[in-house]
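A short worksheet on the structure shown next.
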Amino acid sequence: MIIYGTALLALCHLLGIFLGDLLGQLMGVKTNVGGVGIAMLLLICARLYMQRRSWLPQMTERGVEYWGAMYIPVVVAMAAQQDVVAALRGGPVAVLAAIGSVLVCGAVISLMNRMETARMENPAAVAATDSDQILVKEHRHA
């Protein structure tokens, strides 16, 4: 059922908020640090884990996919609630964390783009990889 996907999101959200608060306390900032992002990462990891073990029915997967698509609006809404001034007053740690996260995200996106470009430049490798994936899927369903 789709409601199970929502329940999985709720569990991941509660755990993410708890871990974000804990991370904020460890950093000396009296605010949640990345709770929503942690929650979405937990949701992705839980979905992949459950898919590999065939514990994720089709309807539950639809609920998880729905919330995955809602990621950006959820992050924007949660960020709007955060008190940026309090985070800045908490010390330079919040500013350094923000700058560091932007740099890490930029580096990861650049790496992903380079990997995709290299993959597209070698069509033989793409065809071999695609045929291997088809064989794995057929074997898994047999």
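The chains in the structure tokens are called A, B, ... from first to last as shown; in each chain the residues are counted from 1, and the ligands are counted from 1 in the order shown.
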Find the spatial neighbours of Leu14 in chain A, counting only C-alpha atoms, within a cut-off of 12 Å - ignore same-chain residues fewer than 4 positions away - and output them as a short mmCIF file (atom, residue, chain, number, x, y, z; two decimals) with C-alpha atoms, in the first residue's frame.
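Saved result, part.cif, follows:
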```cif
data_model
loop_
_atom_site.label_atom_id
_atom_site.label_comp_id
_atom_site.auth_asym_id
_atom_site.auth_seq_id
_atom_site.Cartn_x
_atom_site.Cartn_y
_atom_site.Cartn_z
CA ALA A 7 5.16 5.50 7.04
CA LEU A 8 8.71 4.74 5.91
CA LEU A 9 9.22 8.42 5.16
CA ALA A 10 7.86 9.39 8.59
CA PHE A 18 16.98 13.43 15.73
CA LEU A 19 20.36 12.94 14.04
CA GLY A 20 20.32 16.54 12.74
CA ASP A 21 19.69 17.86 16.26
CA GLY A 35 17.99 16.79 9.45
CA VAL A 36 15.87 16.82 6.30
CA GLY A 37 18.81 15.87 4.10
CA ILE A 38 19.72 13.04 6.46
CA ALA A 39 16.09 11.89 6.39
CA MET A 40 16.02 11.80 2.59
CA LEU A 42 17.92 7.39 4.98
CA LEU A 43 14.82 7.04 2.80
#
```
Please identify all polymer residues within 9 Å of Ile44 in chain A, counting only C-alpha atoms, omitting same-chain residues fewer than 5 positions from it, and present them as a ChimeraX atom specification. /A:39,49,64,68
I want to know what sits within 10 Å of range 86-102 of chain A, based on only C-alpha atoms, with residues of the same chain fewer than 3 positions away left out; could you give that as number ranges by chain? A: 24, 27-33, 82-83, 105-108
Could those residues be written to a file, using C-alpha atoms, as a tab-separated table (two decimals), in the first residue's frame?
```
chain	number	residue	atom	x	y	z
A	24	GLY	CA	23.96	20.42	15.75
A	27	MET	CA	28.97	21.14	16.39
A	28	GLY	CA	27.98	23.60	19.12
A	29	VAL	CA	25.14	25.10	17.06
A	30	LYS	CA	21.77	25.21	18.74
A	31	THR	CA	19.81	24.20	15.66
A	32	ASN	CA	19.10	21.20	13.47
A	33	VAL	CA	21.96	20.61	11.04
A	82	GLN	CA	15.27	27.55	10.12
A	83	ASP	CA	16.60	30.58	11.90
A	105	CYS	CA	28.25	18.89	-3.67
A	106	GLY	CA	29.96	20.72	-6.52
A	107	ALA	CA	32.80	18.21	-6.56
A	108	VAL	CA	30.42	15.22	-6.52
```
Just the number, please: distance in Å from CA of Leu11 in chain A to CA of Cys45 in chain A, one decimal.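 These atoms are spaced 12.8 Å apart.
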